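Below: entry-v6.txt (compact mmCIF, C-alpha atoms and all ligand atoms)
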```txt
# COMPACT_ATOMS: atom_id res chain seq x y z
CA MET A 1 37.31 33.49 12.54
CA ALA A 2 34.37 34.37 14.75
CA THR A 3 32.56 35.87 11.78
CA ARG A 4 33.13 32.75 9.77
CA LEU A 5 31.77 30.58 12.54
CA LEU A 6 28.72 32.80 12.85
CA PHE A 7 28.20 32.56 9.13
CA LEU A 8 28.37 28.78 9.27
CA HIS A 9 25.87 28.69 12.08
CA LEU A 10 23.52 30.95 10.18
CA LEU A 11 23.86 28.80 7.10
CA LEU A 12 23.08 25.69 9.11
CA LEU A 13 20.07 27.36 10.67
CA ILE A 14 18.74 28.33 7.25
CA VAL A 15 19.21 24.78 5.94
CA VAL A 16 17.46 23.30 8.97
CA LEU A 17 14.59 25.78 8.75
CA ALA A 18 14.16 25.21 5.04
CA ALA A 19 14.14 21.43 5.47
CA GLY A 20 11.71 21.74 8.35
CA SER A 21 9.19 23.88 6.51
CA ARG A 22 9.44 21.66 3.46
CA ALA A 23 8.72 18.58 5.54
CA ALA A 24 5.84 20.32 7.27
CA LEU A 25 4.35 21.35 3.95
CA ALA A 26 4.76 17.87 2.55
CA SER A 27 3.23 15.98 5.40
CA THR A 28 0.35 18.44 5.46
CA THR A 29 -0.59 17.50 1.91
CA VAL A 30 -0.26 13.79 2.63
CA LYS A 31 -2.19 14.06 5.89
CA ASP A 32 -4.92 16.22 4.36
CA THR A 33 -5.32 13.98 1.35
CA CYS A 34 -5.46 10.83 3.50
CA ALA A 35 -7.85 12.37 6.03
CA LYS A 36 -10.17 13.65 3.31
CA ALA A 37 -10.12 10.41 1.31
CA MET A 38 -10.68 8.09 4.30
CA ALA A 39 -13.26 10.34 5.97
CA GLY A 40 -16.71 9.35 7.03
CA GLY A 41 -16.83 5.72 6.06
CA GLN A 42 -15.82 2.25 7.11
CA HIS A 43 -12.21 3.01 6.15
CA GLU A 44 -11.58 5.85 8.61
CA GLY A 45 -9.18 3.54 10.50
CA LEU A 46 -6.92 3.36 7.44
CA THR A 47 -5.80 6.99 7.80
CA PRO A 48 -2.57 6.26 9.74
CA PHE A 49 -1.68 3.49 7.29
CA CYS A 50 -2.33 5.91 4.40
CA VAL A 51 -0.13 8.61 5.93
CA SER A 52 2.79 6.33 6.82
CA SER A 53 2.76 4.53 3.46
CA LEU A 54 2.66 7.73 1.42
CA GLU A 55 5.15 9.66 3.55
CA ALA A 56 7.65 6.84 3.05
CA ALA A 57 7.21 6.99 -0.73
CA PRO A 58 9.70 9.00 -2.81
CA GLY A 59 8.08 12.01 -4.49
CA SER A 60 5.20 12.28 -2.07
CA ASP A 61 6.40 15.55 -0.55
CA GLY A 62 4.88 18.37 -2.47
CA ALA A 63 2.63 16.08 -4.52
CA ASP A 64 -1.02 17.07 -4.82
CA ALA A 65 -3.92 14.64 -4.35
CA ARG A 66 -3.76 13.47 -7.95
CA GLY A 67 -0.01 12.86 -7.65
CA LEU A 68 -0.57 10.97 -4.43
CA ALA A 69 -3.20 8.83 -6.15
CA ALA A 70 -0.60 7.86 -8.75
CA ILE A 71 2.01 7.20 -6.06
CA ALA A 72 -0.42 5.02 -4.07
CA THR A 73 -1.23 3.06 -7.22
CA ASN A 74 2.47 2.58 -7.91
CA LEU A 75 2.96 1.39 -4.35
CA THR A 76 0.16 -1.10 -4.89
CA LEU A 77 1.86 -2.37 -8.02
CA ALA A 78 5.16 -2.75 -6.15
CA ASN A 79 3.39 -4.48 -3.28
CA TYR A 80 1.70 -7.06 -5.52
CA THR A 81 4.94 -7.68 -7.38
CA ALA A 82 6.64 -8.31 -4.03
CA ALA A 83 3.74 -10.53 -2.92
CA VAL A 84 4.24 -12.82 -5.93
CA ALA A 85 7.95 -13.07 -5.07
CA THR A 86 7.10 -13.82 -1.44
CA VAL A 87 4.72 -16.65 -2.37
CA LYS A 88 7.31 -18.17 -4.69
CA ALA A 89 9.98 -17.98 -1.98
CA LEU A 90 7.67 -19.60 0.57
CA GLN A 91 6.86 -22.39 -1.86
CA LEU A 92 10.55 -23.00 -2.50
CA ARG A 93 11.33 -23.04 1.19
CA GLY A 94 8.95 -25.96 1.64
CA GLY A 95 7.99 -27.72 4.84
CA TRP A 96 4.30 -26.96 4.43
CA SER A 97 1.35 -29.18 5.19
CA PRO A 98 -0.75 -30.26 2.18
CA ALA A 99 -3.39 -27.68 3.17
CA GLN A 100 -0.77 -24.93 3.38
CA ARG A 101 0.66 -26.00 0.03
CA ALA A 102 -2.79 -25.75 -1.51
CA ALA A 103 -3.32 -22.31 0.03
CA LEU A 104 0.05 -21.09 -1.26
CA ALA A 105 -0.85 -22.31 -4.74
CA THR A 106 -4.10 -20.34 -4.56
CA CYS A 107 -2.19 -17.26 -3.40
CA ARG A 108 0.30 -17.57 -6.25
CA THR A 109 -2.43 -17.82 -8.89
CA ARG A 110 -4.50 -15.00 -7.43
CA TYR A 111 -1.57 -12.60 -6.95
CA ILE A 112 -0.28 -13.21 -10.47
CA GLU A 113 -3.77 -12.55 -11.86
CA ALA A 114 -4.03 -9.42 -9.73
CA LEU A 115 -0.71 -8.09 -10.99
CA ASN A 116 -2.11 -7.89 -14.53
CA VAL A 117 -5.16 -6.08 -13.24
CA VAL A 118 -3.04 -3.52 -11.32
CA HIS A 119 -1.35 -2.72 -14.63
CA SER A 120 -4.77 -2.15 -16.13
CA ALA A 121 -5.65 0.12 -13.18
CA VAL A 122 -2.46 2.16 -13.70
CA HIS A 123 -3.56 2.70 -17.29
CA ALA A 124 -7.12 3.58 -16.26
CA LEU A 125 -5.78 6.20 -13.83
CA ALA A 126 -3.46 7.69 -16.43
CA THR A 127 -6.36 8.04 -18.88
CA ARG A 128 -8.71 9.29 -16.15
CA ARG A 129 -11.22 6.47 -16.30
CA ALA A 130 -12.09 6.48 -12.61
CA ARG A 131 -14.88 3.93 -12.88
CA ASP A 132 -12.68 1.38 -14.66
CA TYR A 133 -9.99 2.10 -12.11
CA VAL A 134 -12.28 1.30 -9.18
CA ALA A 135 -13.54 -1.86 -10.91
CA ASP A 136 -9.95 -3.02 -11.46
CA MET A 137 -8.79 -2.22 -7.95
CA THR A 138 -11.77 -4.04 -6.46
CA VAL A 139 -10.66 -7.19 -8.31
CA VAL A 140 -7.10 -6.55 -7.12
CA ALA A 141 -8.12 -6.31 -3.45
CA ASP A 142 -10.27 -9.43 -3.79
CA ALA A 143 -7.23 -11.45 -4.87
CA ALA A 144 -5.35 -10.63 -1.67
CA ALA A 145 -8.48 -11.37 0.36
CA ASP A 146 -8.78 -14.73 -1.40
CA CYS A 147 -5.20 -15.58 -0.45
CA ASP A 148 -5.96 -14.77 3.15
CA GLU A 149 -9.18 -16.77 2.97
CA ALA A 150 -7.39 -19.78 1.46
CA PHE A 151 -5.36 -20.12 4.66
CA ARG A 152 -8.32 -19.61 6.94
CA ALA A 153 -10.43 -22.15 5.12
CA GLY A 154 -7.78 -24.70 4.29
CA THR A 155 -5.33 -24.90 7.13
CA THR A 156 -7.29 -24.63 10.33
CA THR A 157 -10.36 -26.16 11.81
CA GLY A 158 -12.89 -24.72 14.16
CA LYS A 159 -11.88 -21.97 16.51
CA GLU A 160 -8.30 -21.54 15.36
CA ALA A 161 -9.62 -20.42 12.02
CA ASP A 162 -10.51 -16.95 13.20
CA GLY A 163 -8.00 -16.72 15.98
CA GLY A 164 -4.37 -16.60 15.27
CA GLY A 165 -2.69 -15.31 12.19
CA GLU A 166 0.02 -17.79 13.09
CA SER A 167 -1.32 -20.21 10.52
CA SER A 168 -0.84 -17.93 7.53
CA PRO A 169 2.66 -16.90 6.51
CA MET A 170 0.93 -14.49 4.10
CA ARG A 171 -1.12 -12.60 6.67
CA LYS A 172 0.92 -9.37 6.75
CA VAL A 173 1.47 -9.41 2.98
CA ASP A 174 -2.26 -9.83 2.40
CA GLU A 175 -3.20 -7.09 4.84
CA ASP A 176 -0.69 -4.64 3.39
CA ALA A 177 -1.92 -5.42 -0.11
CA ILE A 178 -5.59 -4.97 0.81
CA ASN A 179 -4.92 -1.81 2.80
CA LEU A 180 -2.80 -0.22 0.09
CA THR A 181 -5.34 -1.04 -2.60
CA ASN A 182 -8.12 0.50 -0.52
CA VAL A 183 -6.01 3.60 0.18
CA ALA A 184 -5.28 4.09 -3.53
CA MET A 185 -8.90 3.52 -4.47
CA LEU A 186 -10.23 5.93 -1.84
CA ILE A 187 -7.80 8.67 -2.89
CA VAL A 188 -8.80 8.28 -6.53
CA THR A 189 -12.49 8.35 -5.58
CA SER A 190 -11.90 11.51 -3.52
CA LEU A 191 -10.54 13.30 -6.59
CA GLY A 192 -14.10 13.37 -7.89
CA GLU A 193 -13.04 13.08 -11.54
C1 LIG B 201 -4.64 -2.52 7.72
O1 LIG B 201 -5.54 -1.53 8.15
C2 LIG B 201 -6.19 -1.82 9.35
C3 LIG B 201 -7.14 -0.67 9.63
O2 LIG B 201 -8.16 -0.65 8.68
C4 LIG B 201 -5.20 -1.98 10.47
O3 LIG B 201 -5.87 -2.38 11.64
C5 LIG B 201 -4.19 -3.04 10.10
O4 LIG B 201 -3.20 -3.09 11.08
C6 LIG B 201 -3.56 -2.71 8.76
N1 LIG B 201 -2.67 -3.78 8.38
C7 LIG B 201 -1.37 -3.62 8.25
C8 LIG B 201 -0.60 -4.83 7.86
O5 LIG B 201 -0.81 -2.54 8.44
C1 LIG B 202 3.68 -3.11 1.03
O1 LIG B 202 3.21 -1.83 1.42
C2 LIG B 202 3.30 -1.57 2.81
C3 LIG B 202 2.69 -0.22 3.05
O2 LIG B 202 3.29 0.79 2.30
C4 LIG B 202 4.74 -1.63 3.25
O3 LIG B 202 4.83 -1.42 4.65
C5 LIG B 202 5.31 -2.98 2.90
O4 LIG B 202 6.67 -3.02 3.22
C6 LIG B 202 5.12 -3.27 1.43
N1 LIG B 202 5.57 -4.62 1.19
C7 LIG B 202 6.48 -4.90 0.29
C8 LIG B 202 6.88 -6.33 0.25
O5 LIG B 202 6.94 -4.07 -0.48
C1 LIG B 203 4.81 5.26 -11.29
O1 LIG B 203 5.68 4.29 -11.81
C2 LIG B 203 6.02 4.52 -13.17
C3 LIG B 203 6.81 3.33 -13.64
O2 LIG B 203 7.77 2.94 -12.71
C4 LIG B 203 6.81 5.82 -13.27
O3 LIG B 203 7.13 6.08 -14.59
C5 LIG B 203 5.95 6.94 -12.71
O4 LIG B 203 6.71 8.13 -12.68
C6 LIG B 203 5.48 6.63 -11.33
N1 LIG B 203 4.56 7.66 -10.91
C7 LIG B 203 4.62 8.23 -9.73
C8 LIG B 203 3.62 9.29 -9.47
O5 LIG B 203 5.44 7.90 -8.87
```
Taking this structure as input, can you express it in the form of structure tokens?
Amino acid sequence: MATRLLFLHLLLLIVVLAAGSRAALASTTVKDTCAKAMAGGQHEGLTPFCVSSLEAAPGSDGADARGLAAIATNLTLANYTAAVATVKALQLRGGWSPAQRAALATCRTRYIEALNVVHSAVHALATRRARDYVADMTVVADAAADCDEAFRAGTTTGKEADGGGESSPMRKVDEDAINLTNVAMLIVTSLGE
């Protein structure tokens, strides 16, 4: 009985140790890739966002930088798909001012356009056309920025315009989209292909 218990404890210890070292290995690759890709530029502050986004993504543990580039691009695709759904849901919910309605319409158009371009970027990455990839992803990030801008320009006057964030129901969606796109782009650029 005692032997059996000891055996179980040992087994548990081995499982815990194995899981621990696997996790450590995984997050090292993610952290290294993010740190290297975001280093030395205006996007240094994106490193924590890069790490948390990629660590939450299935398949990121054990993936190399190229794999992480593909995962980040997939996350971007998922994010823009979700953004389109969010705009549609907000439009359906209603209760918006005319200016907000106009901004939501802009967001819908721009996110739908961007979704096609993310698909093109996925293809460019798969066929190792880094320059086309960056060109595509720049357009993609611009669309989210335009959505954000539509609310700033259209729904507030004067000081409130650069203040709150309250005025745009799309603020977090836009920021996530822009940040993810930049993360994916910077990782691809860091591959040096
Ligand atoms: C986007 O990244 C910036 C840092 O560049 C960070 O301040 C901001 O909180 C991020 N946005 C989101 C929604 O995580
Ligand atoms: C978009 O990506 C960010 C960062 O990975 C994540 O926190 C957020 O939940 C995603 N949004 C959607 C709607 O999937
Ligand atoms: C990206 O998404 C595509 C389509 O869902 C999938 O086939 C591919 O395995 C994904 N790649 C990575 C690296 O997650």
Selection as a JSON list (two decimals) with C-alpha atoms, in the frame of the given file: residues within 10 Å of (-1.5, 11.0, -8.1), counting all atoms listed in the file:
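The result, written out as result.json:
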```
[["chain", "number", "residue", "atom", "x", "y", "z"],
["A", 60, "SER", "CA", 5.20, 12.28, -2.07],
["A", 63, "ALA", "CA", 2.63, 16.08, -4.52],
["A", 64, "ASP", "CA", -1.02, 17.07, -4.82],
["A", 65, "ALA", "CA", -3.92, 14.64, -4.35],
["A", 66, "ARG", "CA", -3.76, 13.47, -7.95],
["A", 67, "GLY", "CA", -0.01, 12.86, -7.65],
["A", 68, "LEU", "CA", -0.57, 10.97, -4.43],
["A", 69, "ALA", "CA", -3.20, 8.83, -6.15],
["A", 70, "ALA", "CA", -0.60, 7.86, -8.75],
["A", 71, "ILE", "CA", 2.01, 7.20, -6.06],
["A", 72, "ALA", "CA", -0.42, 5.02, -4.07],
["A", 73, "THR", "CA", -1.23, 3.06, -7.22],
["A", 74, "ASN", "CA", 2.47, 2.58, -7.91],
["A", 125, "LEU", "CA", -5.78, 6.20, -13.83],
["A", 126, "ALA", "CA", -3.46, 7.69, -16.43],
["A", 184, "ALA", "CA", -5.28, 4.09, -3.53],
["A", 187, "ILE", "CA", -7.80, 8.67, -2.89],
["A", 188, "VAL", "CA", -8.80, 8.28, -6.53],
["A", 191, "LEU", "CA", -10.54, 13.30, -6.59]]
```
Surrounding residues of stretch 42-59 of chain A excluding itself and chain neighbours under 6 positions, 12 Å, only C-alpha atoms, as a PDB file with C-alpha atoms, in the coordinates of the input:
```pdb
ATOM      1  CA  ALA A  23       8.720  18.580   5.540  1.00  0.00           C
ATOM      2  CA  ALA A  24       5.840  20.320   7.270  1.00  0.00           C
ATOM      3  CA  LEU A  25       4.350  21.350   3.950  1.00  0.00           C
ATOM      4  CA  ALA A  26       4.760  17.870   2.550  1.00  0.00           C
ATOM      5  CA  SER A  27       3.230  15.980   5.400  1.00  0.00           C
ATOM      6  CA  THR A  28       0.350  18.440   5.460  1.00  0.00           C
ATOM      7  CA  THR A  29      -0.590  17.500   1.910  1.00  0.00           C
ATOM      8  CA  VAL A  30      -0.260  13.790   2.630  1.00  0.00           C
ATOM      9  CA  LYS A  31      -2.190  14.060   5.890  1.00  0.00           C
ATOM     10  CA  ASP A  32      -4.920  16.220   4.360  1.00  0.00           C
ATOM     11  CA  THR A  33      -5.320  13.980   1.350  1.00  0.00           C
ATOM     12  CA  CYS A  34      -5.460  10.830   3.500  1.00  0.00           C
ATOM     13  CA  ALA A  35      -7.850  12.370   6.030  1.00  0.00           C
ATOM     14  CA  LYS A  36     -10.170  13.650   3.310  1.00  0.00           C
ATOM     15  CA  ALA A  65      -3.920  14.640  -4.350  1.00  0.00           C
ATOM     16  CA  GLY A  67      -0.010  12.860  -7.650  1.00  0.00           C
ATOM     17  CA  LEU A  68      -0.570  10.970  -4.430  1.00  0.00           C
ATOM     18  CA  ALA A  69      -3.200   8.830  -6.150  1.00  0.00           C
ATOM     19  CA  ALA A  70      -0.600   7.860  -8.750  1.00  0.00           C
ATOM     20  CA  ILE A  71       2.010   7.200  -6.060  1.00  0.00           C
ATOM     21  CA  ALA A  72      -0.420   5.020  -4.070  1.00  0.00           C
ATOM     22  CA  THR A  73      -1.230   3.060  -7.220  1.00  0.00           C
ATOM     23  CA  ASN A  74       2.470   2.580  -7.910  1.00  0.00           C
ATOM     24  CA  LEU A  75       2.960   1.390  -4.350  1.00  0.00           C
ATOM     25  CA  THR A  76       0.160  -1.100  -4.890  1.00  0.00           C
ATOM     26  CA  ALA A  78       5.160  -2.750  -6.150  1.00  0.00           C
ATOM     27  CA  ASN A  79       3.390  -4.480  -3.280  1.00  0.00           C
ATOM     28  CA  GLU A 175      -3.200  -7.090   4.840  1.00  0.00           C
ATOM     29  CA  ASP A 176      -0.690  -4.640   3.390  1.00  0.00           C
ATOM     30  CA  ALA A 177      -1.920  -5.420  -0.110  1.00  0.00           C
ATOM     31  CA  ILE A 178      -5.590  -4.970   0.810  1.00  0.00           C
ATOM     32  CA  ASN A 179      -4.920  -1.810   2.800  1.00  0.00           C
ATOM     33  CA  LEU A 180      -2.800  -0.220   0.090  1.00  0.00           C
ATOM     34  CA  THR A 181      -5.340  -1.040  -2.600  1.00  0.00           C
ATOM     35  CA  ASN A 182      -8.120   0.500  -0.520  1.00  0.00           C
ATOM     36  CA  VAL A 183      -6.010   3.600   0.180  1.00  0.00           C
ATOM     37  CA  ALA A 184      -5.280   4.090  -3.530  1.00  0.00           C
ATOM     38  CA  MET A 185      -8.900   3.520  -4.470  1.00  0.00           C
ATOM     39  CA  LEU A 186     -10.230   5.930  -1.840  1.00  0.00           C
ATOM     40  CA  ILE A 187      -7.800   8.670  -2.890  1.00  0.00           C
TER      41      ILE A 187
END
```
Study note, to complete from the structure: Between atom CA of A:His119 and atom CA of A:Thr189 lies a distance of 18.1 Å
Exercise for review: Enter the distance from atom O2 of ligand LIG 203 (chain B) to atom CA of A:Tyr111, in Å, rounded to one decimal.
Suggested key: 19.0 Å
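Closest to A:Ala130 among A:Thr109, A:Ser190, A:Gln100, A:Thr81 is A:Ser190, based on all atoms listed in the file.
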Point to revise | Distance criterion (all atoms listed in the file): nearest to ligand LIG 201 (chain B) out of A:Ala143, A:Val122, A:Ile112, A:Met38 | key: A:Met38
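Residue nearest A:Val117 within the list A:Ala83, A:Ala105, A:Val140, A:Leu92: A:Val140 [criterion: smallest interatomic distance, all atoms listed in the file].
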Practice item. Select, from A:Ala135, A:Ala114, A:Ala103, A:Val173, the residue with the minimum atom-to-atom distance to A:Ala150, counting all atoms listed in the file. Key: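 The shortest atom-to-atom distance to A:Ala150 comes from A:Ala103.
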Practice item. Go through A:Glu193, A:Arg131, A:Met170, A:Ala82 and flag the residue nearest ligand LIG 201 (chain B), using all atoms listed in the file for the distances. Key: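 Of A:Glu193, A:Arg131, A:Met170, A:Ala82, the one nearest ligand LIG 201 (chain B), counting all atoms listed in the file, is A:Met170.
Proximity ranking of A:Arg171, A:Trp96, A:Gly41, A:Gly192 relative to ligand LIG 201 (chain B) places A:Arg171 first, based on all atoms listed in the file.
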Practice item. In Å, rounded to a single decimal, give me how far atom CA of A:Glu149 is from atom C4 of ligand LIG 201 (chain B). Key: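 For atom C4 of ligand LIG 201 (chain B) relative to atom CA of A:Glu149, the distance reads 17.1 Å.
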